Amino acid sequence: MKRFLFTTIPEKGHINPMIGPAVHLQRAGHDVAFYAAHDISCQVGRAGLSVVPGLPSAPPPLDGSRGEMFARQVRDTAWLRQWIKSLLIDAAEAQIEPIRTAIRAYAPDVVVTDPMIYAAAIASEKERVPWMAISNSLNPILDETVSSDLLETVRWLSPDRDALFARHGMALRFSGCDMISPRLTVAFTTAEFVGHQRDGVQIVGPSIPPAVRGDEVEFSWDQLSKDRPLLYVSFGSQVYHQPEIFRLIIDATRDLEVQVLIAANRLHGTSKLGPLPPHVLTCHYAPQLQLLPRATAFVTHGGANSVMEALYFGVPMLISPVCNDQFHQAHYLQKSDAGRVLDLHRATVKECHAALEAILYDDTIREAARRISSSYQKDGAAIAAELIASRA
């Protein structure tokens, strides 16, 4: 039996893919605990897991990383560049000692970290505990065909990143934002989707939890139509404030025989979406893993977990990336032909209508989605857990 400490960024997009491997390790008889800079005990507890006991837990920060202002700011390249640097580099030194405290308190055999938490690798090295990386994105497998503002930002901040690690006597290999662990780095995708393997990275398939993930919500399933295809729309938990895009989709589907469900977060129940026609429903937060099997098509910002989950269920997507690695998922979706990519901030109603028709009805797209989905029918969470345990 081994002890594993998972360190994660306290956001759903980072926590969710870690739940499955952690549960599988625990079911195999290992001890597992989570640490994050802010309190995540509610979700991990519902998933049957726990946080490091005895440590003070900070409440979640104010909504500086989500909502209306954030959705607007991330489209400002200069602002976003500084924000990324503050998260990855500027905050790292202050995070080292709290993570060292968690390591000493829990005494793990291995630290399993989100590869964007640079302090976790430094803290692990100082405490002489090996560390492994589980990525929530496609960062570890990016190749030379991918370009994005995020990768330009990474090139810009790489001297500061190298200096951070050099101060602690370390030199690491990186891919995009992610550290590549010399012991194990896991990416939740397949070669059939991204088109290649990557040395030093284990591609294991999707991370789908074996039971509850801890973020499930009640949902009125009887409101879904039995007669119309379901078009599911979600822009995640951070950049969800997209009233213009949601209104565009509403207008573009008025003459399509579909039902539209928009996971609108705090826009749900407000007047910012205008009067809703009969074919449109909104909710605050959707149980996505339970909803995607019932969806005919999916409109998304391209968050890595949303794309991974849609591919698992074979649901064609329209991706309208907003920022960061969302453009990487869009790149590979475009190459795979399992969906469409369109900037819905700039698209006309006609362009949006055409893209939606394609993901709903185009046989080529739907067959490509099924083909990629067949490669995703493996338990990536269980495979990741086996790899972690075998290399501990």
# chains A, B, ... in the order shown; residues from 1 in each chain; ligands from 1
$ select_by_dssp --residues "region 228-390 of chain A" --states "helix (DSSP H, G or I)" --output "compact mmCIF listing (two decimals) with N, CA and C atoms, in the first residue's frame"
# COMPACT_ATOMS: atom_id res chain seq x y z
N PRO A 243 -23.32 36.28 -23.00
CA PRO A 243 -24.71 36.51 -23.42
C PRO A 243 -24.86 36.74 -24.92
N GLU A 244 -23.88 37.41 -25.54
CA GLU A 244 -23.98 37.66 -26.98
C GLU A 244 -23.94 36.36 -27.77
N ILE A 245 -23.06 35.46 -27.37
CA ILE A 245 -22.97 34.17 -28.05
C ILE A 245 -24.24 33.36 -27.84
N PHE A 246 -24.75 33.34 -26.64
CA PHE A 246 -25.97 32.57 -26.38
C PHE A 246 -27.15 33.13 -27.18
N ARG A 247 -27.24 34.46 -27.27
CA ARG A 247 -28.32 35.05 -28.07
C ARG A 247 -28.14 34.71 -29.54
N LEU A 248 -26.90 34.69 -30.03
CA LEU A 248 -26.63 34.31 -31.41
C LEU A 248 -27.11 32.89 -31.69
N ILE A 249 -26.80 31.97 -30.77
CA ILE A 249 -27.21 30.57 -30.95
C ILE A 249 -28.74 30.46 -30.93
N ILE A 250 -29.37 31.21 -30.05
CA ILE A 250 -30.83 31.20 -30.00
C ILE A 250 -31.41 31.65 -31.34
N ASP A 251 -30.87 32.72 -31.89
CA ASP A 251 -31.36 33.23 -33.18
C ASP A 251 -31.07 32.24 -34.31
N ALA A 252 -29.90 31.61 -34.26
CA ALA A 252 -29.49 30.72 -35.35
C ALA A 252 -30.25 29.40 -35.35
N ASN A 265 -24.96 29.28 -16.20
CA ASN A 265 -24.39 29.71 -14.92
C ASN A 265 -25.21 30.90 -14.38
N ARG A 266 -24.56 32.01 -14.03
CA ARG A 266 -25.27 33.12 -13.39
C ARG A 266 -26.13 33.93 -14.37
N LEU A 267 -26.05 33.60 -15.65
CA LEU A 267 -26.97 34.22 -16.61
C LEU A 267 -28.34 33.55 -16.59
N GLN A 288 -22.96 17.37 -16.75
CA GLN A 288 -22.49 17.18 -18.13
C GLN A 288 -22.25 15.71 -18.49
N LEU A 289 -21.67 14.94 -17.59
CA LEU A 289 -21.41 13.54 -17.91
C LEU A 289 -22.69 12.76 -18.13
N GLN A 290 -23.76 13.16 -17.46
CA GLN A 290 -25.05 12.48 -17.66
C GLN A 290 -25.82 13.06 -18.85
N LEU A 291 -25.51 14.31 -19.20
CA LEU A 291 -26.25 14.98 -20.26
C LEU A 291 -25.69 14.67 -21.66
N LEU A 292 -24.37 14.57 -21.77
CA LEU A 292 -23.77 14.39 -23.10
C LEU A 292 -24.27 13.13 -23.83
N PRO A 293 -24.52 12.01 -23.16
CA PRO A 293 -25.04 10.86 -23.90
C PRO A 293 -26.40 11.11 -24.55
N ARG A 294 -27.12 12.12 -24.08
CA ARG A 294 -28.43 12.44 -24.65
C ARG A 294 -28.36 13.55 -25.69
N ALA A 304 -10.60 21.62 -22.12
CA ALA A 304 -10.04 20.29 -22.37
C ALA A 304 -10.95 19.18 -21.86
N ASN A 305 -11.54 19.35 -20.68
CA ASN A 305 -12.40 18.30 -20.15
C ASN A 305 -13.69 18.17 -20.94
N SER A 306 -14.27 19.30 -21.33
CA SER A 306 -15.50 19.25 -22.13
C SER A 306 -15.26 18.52 -23.45
N VAL A 307 -14.14 18.83 -24.10
CA VAL A 307 -13.82 18.17 -25.37
C VAL A 307 -13.58 16.69 -25.15
N MET A 308 -12.81 16.36 -24.12
CA MET A 308 -12.54 14.95 -23.80
C MET A 308 -13.84 14.18 -23.57
N GLU A 309 -14.76 14.76 -22.80
CA GLU A 309 -16.01 14.08 -22.47
C GLU A 309 -16.90 13.94 -23.70
N ALA A 310 -16.96 14.98 -24.53
CA ALA A 310 -17.77 14.89 -25.75
C ALA A 310 -17.22 13.83 -26.70
N LEU A 311 -15.89 13.75 -26.82
CA LEU A 311 -15.30 12.72 -27.67
C LEU A 311 -15.59 11.32 -27.13
N TYR A 312 -15.56 11.17 -25.82
CA TYR A 312 -15.87 9.87 -25.22
C TYR A 312 -17.27 9.41 -25.61
N PHE A 313 -18.21 10.34 -25.60
CA PHE A 313 -19.59 9.99 -25.93
C PHE A 313 -19.90 10.13 -27.43
N GLN A 326 -7.76 26.42 -25.03
CA GLN A 326 -8.97 26.11 -25.80
C GLN A 326 -8.67 26.09 -27.30
N PHE A 327 -7.70 26.89 -27.73
CA PHE A 327 -7.31 26.91 -29.14
C PHE A 327 -6.58 25.62 -29.53
N HIS A 328 -5.95 24.96 -28.57
CA HIS A 328 -5.27 23.69 -28.86
C HIS A 328 -6.30 22.60 -29.12
N GLN A 329 -7.33 22.52 -28.27
CA GLN A 329 -8.39 21.54 -28.51
C GLN A 329 -9.07 21.81 -29.86
N ALA A 330 -9.29 23.10 -30.16
CA ALA A 330 -9.91 23.46 -31.44
C ALA A 330 -9.04 23.01 -32.61
N HIS A 331 -7.73 23.16 -32.48
CA HIS A 331 -6.80 22.76 -33.54
C HIS A 331 -6.96 21.28 -33.87
N TYR A 332 -6.96 20.44 -32.84
CA TYR A 332 -7.04 19.01 -33.09
C TYR A 332 -8.44 18.57 -33.51
N LEU A 333 -9.46 19.26 -33.03
CA LEU A 333 -10.81 18.95 -33.50
C LEU A 333 -10.93 19.24 -34.99
N GLN A 334 -10.38 20.36 -35.41
CA GLN A 334 -10.42 20.73 -36.84
C GLN A 334 -9.71 19.67 -37.68
N LYS A 335 -8.54 19.21 -37.20
CA LYS A 335 -7.78 18.20 -37.94
C LYS A 335 -8.52 16.88 -38.01
N SER A 336 -9.25 16.54 -36.95
CA SER A 336 -9.94 15.25 -36.91
C SER A 336 -11.25 15.26 -37.69
N VAL A 349 -25.39 35.37 -37.84
CA VAL A 349 -26.42 34.35 -37.59
C VAL A 349 -26.36 33.28 -38.67
N LYS A 350 -26.14 33.69 -39.91
CA LYS A 350 -26.08 32.74 -41.02
C LYS A 350 -24.91 31.79 -40.86
N GLU A 351 -23.74 32.32 -40.48
CA GLU A 351 -22.56 31.47 -40.30
C GLU A 351 -22.76 30.51 -39.13
N CYS A 352 -23.35 31.00 -38.07
CA CYS A 352 -23.62 30.14 -36.92
C CYS A 352 -24.61 29.04 -37.29
N HIS A 353 -25.65 29.40 -38.01
CA HIS A 353 -26.67 28.44 -38.45
C HIS A 353 -26.02 27.33 -39.28
N ALA A 354 -25.12 27.70 -40.20
CA ALA A 354 -24.48 26.71 -41.06
C ALA A 354 -23.60 25.76 -40.25
N ALA A 355 -22.87 26.31 -39.28
CA ALA A 355 -22.00 25.47 -38.45
C ALA A 355 -22.82 24.52 -37.59
N LEU A 356 -23.94 25.00 -37.06
CA LEU A 356 -24.79 24.15 -36.24
C LEU A 356 -25.44 23.05 -37.09
N GLU A 357 -25.88 23.39 -38.27
CA GLU A 357 -26.44 22.38 -39.17
C GLU A 357 -25.42 21.28 -39.45
N ALA A 358 -24.15 21.70 -39.62
CA ALA A 358 -23.10 20.73 -39.92
C ALA A 358 -22.91 19.74 -38.77
N ILE A 359 -22.79 20.23 -37.54
CA ILE A 359 -22.54 19.30 -36.43
C ILE A 359 -23.77 18.48 -36.07
N LEU A 360 -24.94 18.97 -36.45
CA LEU A 360 -26.17 18.22 -36.18
C LEU A 360 -26.44 17.15 -37.22
N TYR A 361 -26.11 17.44 -38.49
CA TYR A 361 -26.62 16.59 -39.56
C TYR A 361 -25.58 16.08 -40.54
N ASP A 363 -23.05 13.90 -42.15
CA ASP A 363 -22.65 12.51 -41.91
C ASP A 363 -21.14 12.36 -41.77
N THR A 364 -20.38 13.16 -42.50
CA THR A 364 -18.92 13.08 -42.42
C THR A 364 -18.43 13.46 -41.02
N ILE A 365 -18.98 14.54 -40.49
CA ILE A 365 -18.61 14.97 -39.14
C ILE A 365 -19.05 13.95 -38.10
N ARG A 366 -20.25 13.46 -38.24
CA ARG A 366 -20.77 12.53 -37.25
C ARG A 366 -20.01 11.20 -37.28
N GLU A 367 -19.59 10.77 -38.47
CA GLU A 367 -18.80 9.55 -38.57
C GLU A 367 -17.41 9.76 -37.97
N ALA A 368 -16.82 10.94 -38.19
CA ALA A 368 -15.51 11.24 -37.60
C ALA A 368 -15.60 11.25 -36.08
N ALA A 369 -16.68 11.81 -35.55
CA ALA A 369 -16.87 11.82 -34.09
C ALA A 369 -16.99 10.39 -33.57
N ARG A 370 -17.71 9.53 -34.28
CA ARG A 370 -17.83 8.13 -33.86
C ARG A 370 -16.47 7.42 -33.92
N ARG A 371 -15.69 7.74 -34.96
CA ARG A 371 -14.37 7.10 -35.10
C ARG A 371 -13.45 7.48 -33.95
N ILE A 372 -13.40 8.77 -33.63
CA ILE A 372 -12.57 9.21 -32.51
C ILE A 372 -13.11 8.63 -31.21
N SER A 373 -14.43 8.60 -31.07
CA SER A 373 -15.04 8.07 -29.85
C SER A 373 -14.64 6.61 -29.62
N SER A 374 -14.52 5.84 -30.70
CA SER A 374 -14.15 4.43 -30.53
C SER A 374 -12.77 4.31 -29.89
N SER A 375 -11.87 5.25 -30.17
CA SER A 375 -10.54 5.22 -29.56
C SER A 375 -10.58 5.68 -28.11
N GLY A 380 -9.22 5.57 -19.13
CA GLY A 380 -7.98 6.31 -18.94
C GLY A 380 -7.68 6.60 -17.48
N ALA A 381 -8.74 6.78 -16.68
CA ALA A 381 -8.53 7.02 -15.25
C ALA A 381 -7.91 5.80 -14.59
N ALA A 382 -8.42 4.60 -14.92
CA ALA A 382 -7.86 3.37 -14.34
C ALA A 382 -6.44 3.13 -14.84
N ILE A 383 -6.21 3.39 -16.13
CA ILE A 383 -4.86 3.20 -16.68
C ILE A 383 -3.88 4.15 -16.00
N ALA A 384 -4.30 5.40 -15.82
CA ALA A 384 -3.44 6.37 -15.13
C ALA A 384 -3.12 5.90 -13.73
N ALA A 385 -4.12 5.39 -13.00
CA ALA A 385 -3.90 4.92 -11.64
C ALA A 385 -2.91 3.76 -11.62
N GLU A 386 -3.03 2.83 -12.57
CA GLU A 386 -2.11 1.70 -12.65
C GLU A 386 -0.69 2.17 -12.92
N LEU A 387 -0.55 3.16 -13.81
CA LEU A 387 0.79 3.68 -14.10
C LEU A 387 1.39 4.37 -12.87
N ILE A 388 0.57 5.17 -12.20
CA ILE A 388 1.04 5.87 -11.00
C ILE A 388 1.50 4.87 -9.95
N ALA A 389 0.68 3.85 -9.70
CA ALA A 389 1.01 2.85 -8.68
C ALA A 389 2.27 2.06 -9.06
N SER A 390 2.39 1.73 -10.33
CA SER A 390 3.54 0.90 -10.76
C SER A 390 4.86 1.66 -10.72
$ closest_atom_pairs --of "region 59-155 of chain A" --to "region 2-23 of chain A" --cutoff "6 Å" --atoms "only C-alpha atoms" --output "JSON lines"
{"residue": "A:Pro108", "atom": "CA", "partner": "A:Arg3", "partner_atom": "CA", "distance": 4.7}
{"residue": "A:Asp109", "atom": "CA", "partner": "A:Arg3", "partner_atom": "CA", "distance": 5.2}
{"residue": "A:Val110", "atom": "CA", "partner": "A:Phe4", "partner_atom": "CA", "distance": 5.2}
{"residue": "A:Val111", "atom": "CA", "partner": "A:Leu5", "partner_atom": "CA", "distance": 4.8}
{"residue": "A:Val112", "atom": "CA", "partner": "A:Phe6", "partner_atom": "CA", "distance": 4.7}
{"residue": "A:Thr113", "atom": "CA", "partner": "A:Thr7", "partner_atom": "CA", "distance": 4.7}
{"residue": "A:Asp114", "atom": "CA", "partner": "A:Thr8", "partner_atom": "CA", "distance": 5.4}
{"residue": "A:Asn136", "atom": "CA", "partner": "A:His14", "partner_atom": "CA", "distance": 5.6}
$ select_by_dssp --residues "region 108-237 of chain A" --states "strand (DSSP E or B)" --output "number ranges by chain"
A: 110-113, 131-134, 173-175, 178-180, 185-187, 202-203, 230-234
$ write_last_selection --atoms "N, CA and C atoms" --output "PDB file, in the first residue's frame"
ATOM      1  N   VAL A 110       4.406   9.459  -2.969  1.00  0.00           N
ATOM      2  CA  VAL A 110       4.473  10.153  -4.259  1.00  0.00           C
ATOM      3  C   VAL A 110       3.536  11.353  -4.211  1.00  0.00           C
ATOM      4  N   VAL A 111       3.962  12.447  -4.811  1.00  0.00           N
ATOM      5  CA  VAL A 111       3.090  13.587  -5.071  1.00  0.00           C
ATOM      6  C   VAL A 111       2.631  13.499  -6.526  1.00  0.00           C
ATOM      7  N   VAL A 112       1.327  13.549  -6.732  1.00  0.00           N
ATOM      8  CA  VAL A 112       0.747  13.559  -8.081  1.00  0.00           C
ATOM      9  C   VAL A 112       0.194  14.962  -8.290  1.00  0.00           C
ATOM     10  N   THR A 113       0.773  15.706  -9.215  1.00  0.00           N
ATOM     11  CA  THR A 113       0.421  17.115  -9.313  1.00  0.00           C
ATOM     12  C   THR A 113      -0.099  17.507 -10.680  1.00  0.00           C
ATOM     13  N   TRP A 131       7.701  13.002  -7.696  1.00  0.00           N
ATOM     14  CA  TRP A 131       6.452  13.592  -8.159  1.00  0.00           C
ATOM     15  C   TRP A 131       6.139  13.137  -9.576  1.00  0.00           C
ATOM     16  N   MET A 132       4.869  13.048  -9.846  1.00  0.00           N
ATOM     17  CA  MET A 132       4.357  12.694 -11.162  1.00  0.00           C
ATOM     18  C   MET A 132       3.337  13.757 -11.581  1.00  0.00           C
ATOM     19  N   ALA A 133       3.015  13.792 -12.856  1.00  0.00           N
ATOM     20  CA  ALA A 133       2.126  14.834 -13.371  1.00  0.00           C
ATOM     21  C   ALA A 133       0.931  14.227 -14.092  1.00  0.00           C
ATOM     22  N   ILE A 134      -0.253  14.754 -13.765  1.00  0.00           N
ATOM     23  CA  ILE A 134      -1.477  14.453 -14.511  1.00  0.00           C
ATOM     24  C   ILE A 134      -1.961  15.761 -15.116  1.00  0.00           C
ATOM     25  N   ARG A 173      11.970  19.893 -18.129  1.00  0.00           N
ATOM     26  CA  ARG A 173      11.467  19.963 -19.498  1.00  0.00           C
ATOM     27  C   ARG A 173      10.000  20.372 -19.437  1.00  0.00           C
ATOM     28  N   PHE A 174       9.579  21.177 -20.408  1.00  0.00           N
ATOM     29  CA  PHE A 174       8.200  21.684 -20.437  1.00  0.00           C
ATOM     30  C   PHE A 174       7.585  21.429 -21.811  1.00  0.00           C
ATOM     31  N   SER A 175       6.268  21.394 -21.821  1.00  0.00           N
ATOM     32  CA  SER A 175       5.506  21.409 -23.058  1.00  0.00           C
ATOM     33  C   SER A 175       4.332  22.347 -22.840  1.00  0.00           C
ATOM     34  N   ASP A 178       2.975  23.127 -19.210  1.00  0.00           N
ATOM     35  CA  ASP A 178       3.100  21.975 -18.329  1.00  0.00           C
ATOM     36  C   ASP A 178       4.537  21.534 -18.099  1.00  0.00           C
ATOM     37  N   MET A 179       4.844  21.212 -16.851  1.00  0.00           N
ATOM     38  CA  MET A 179       6.067  20.501 -16.529  1.00  0.00           C
ATOM     39  C   MET A 179       5.948  19.061 -17.031  1.00  0.00           C
ATOM     40  N   ILE A 180       7.040  18.510 -17.520  1.00  0.00           N
ATOM     41  CA  ILE A 180       7.100  17.097 -17.871  1.00  0.00           C
ATOM     42  C   ILE A 180       7.890  16.395 -16.776  1.00  0.00           C
ATOM     43  N   THR A 185       4.315  11.441 -16.782  1.00  0.00           N
ATOM     44  CA  THR A 185       3.364  12.487 -17.158  1.00  0.00           C
ATOM     45  C   THR A 185       2.237  11.830 -17.941  1.00  0.00           C
ATOM     46  N   VAL A 186       1.002  12.096 -17.537  1.00  0.00           N
ATOM     47  CA  VAL A 186      -0.176  11.483 -18.144  1.00  0.00           C
ATOM     48  C   VAL A 186      -0.976  12.540 -18.891  1.00  0.00           C
ATOM     49  N   ALA A 187      -1.413  12.190 -20.094  1.00  0.00           N
ATOM     50  CA  ALA A 187      -2.319  13.041 -20.871  1.00  0.00           C
ATOM     51  C   ALA A 187      -3.560  12.237 -21.213  1.00  0.00           C
ATOM     52  N   GLN A 202       2.610   9.607 -21.304  1.00  0.00           N
ATOM     53  CA  GLN A 202       1.714   8.470 -21.454  1.00  0.00           C
ATOM     54  C   GLN A 202       0.325   8.959 -21.840  1.00  0.00           C
ATOM     55  N   ILE A 203      -0.118   8.593 -23.053  1.00  0.00           N
ATOM     56  CA  ILE A 203      -1.460   8.912 -23.521  1.00  0.00           C
ATOM     57  C   ILE A 203      -2.357   7.739 -23.161  1.00  0.00           C
ATOM     58  N   LEU A 230     -31.120  17.184 -29.275  1.00  0.00           N
ATOM     59  CA  LEU A 230     -30.700  18.110 -28.233  1.00  0.00           C
ATOM     60  C   LEU A 230     -29.378  18.758 -28.607  1.00  0.00           C
ATOM     61  N   LEU A 231     -29.376  20.080 -28.657  1.00  0.00           N
ATOM     62  CA  LEU A 231     -28.146  20.856 -28.837  1.00  0.00           C
ATOM     63  C   LEU A 231     -27.767  21.418 -27.471  1.00  0.00           C
ATOM     64  N   TYR A 232     -26.680  20.932 -26.932  1.00  0.00           N
ATOM     65  CA  TYR A 232     -26.227  21.331 -25.608  1.00  0.00           C
ATOM     66  C   TYR A 232     -25.169  22.422 -25.758  1.00  0.00           C
ATOM     67  N   VAL A 233     -25.283  23.478 -24.955  1.00  0.00           N
ATOM     68  CA  VAL A 233     -24.378  24.631 -25.043  1.00  0.00           C
ATOM     69  C   VAL A 233     -23.810  24.919 -23.658  1.00  0.00           C
ATOM     70  N   SER A 234     -22.478  24.949 -23.549  1.00  0.00           N
ATOM     71  CA  SER A 234     -21.846  25.293 -22.274  1.00  0.00           C
ATOM     72  C   SER A 234     -20.484  25.914 -22.526  1.00  0.00           C
TER      73      SER A 234
END
$ closest_residue --among "A:Val258, A:Val239, A:Ala191, A:Leu55" --to "Leu224 (chain A)" --atoms "only C-alpha atoms"
A:Val258
$ residues_around --residues "Gln43 (chain A)" --least-positions-apart "5" --cutoff "8 Å" --atoms "only C-alpha atoms" --output "JSON, numbers by chain"
{"A": [213, 214, 215]}
$ closest_atom_pairs --of "region 143-210 of chain A" --to "region 77-84 of chain A" --cutoff "8 Å" --atoms "only C-alpha atoms" --output "JSON lines"
{"residue": "A:Asp149", "atom": "CA", "partner": "A:Thr77", "partner_atom": "CA", "distance": 7.7}
{"residue": "A:Leu150", "atom": "CA", "partner": "A:Arg81", "partner_atom": "CA", "distance": 7.9}
{"residue": "A:Thr153", "atom": "CA", "partner": "A:Arg81", "partner_atom": "CA", "distance": 5.9}
$ write_last_selection --atoms "C-alpha atoms" --output "compact mmCIF listing (two decimals), in the first residue's frame"
# COMPACT_ATOMS: atom_id res chain seq x y z
CA ASP A 149 -1.35 33.17 -28.03
CA LEU A 150 -0.82 30.91 -25.02
CA THR A 153 3.02 33.80 -23.76
$ atom_distance --atom1 "CA of Ser135 (chain A)" --atom2 "CA of Pro115 (chain A)"
6.0 Å
$ closest_residue --among "A:Ser158, A:Ile208, A:Ile141, A:Phe165" --to "Ala123 (chain A)" --atoms "only C-alpha atoms"
A:Phe165
$ closest_residue --among "A:Gln259, A:Asn139, A:Ser124, A:Ser271" --to "Arg100 (chain A)" --atoms "only C-alpha atoms"
A:Ser124
$ closest_residue --among "A:Leu172, A:Ala33, A:Ile40, A:Ala297" --to "Tyr106 (chain A)" --atoms "only C-alpha atoms"
A:Ala33
$ closest_residue --among "A:Cys323, A:Tyr35, A:Gly236, A:Asp255" --to "Val299 (chain A)" --atoms "only C-alpha atoms"
A:Gly236
$ closest_residue --among "A:Ala163, A:Leu276, A:Leu261, A:Gln238" --to "Gln73 (chain A)" --atoms "only C-alpha atoms"
A:Gln238
$ atom_distance --atom1 "CA of Ser320 (chain A)" --atom2 "CA of Leu342 (chain A)"
5.2 Å
$ atom_distance --atom1 "CA of Ala102 (chain A)" --atom2 "CA of Leu184 (chain A)"
21.2 Å
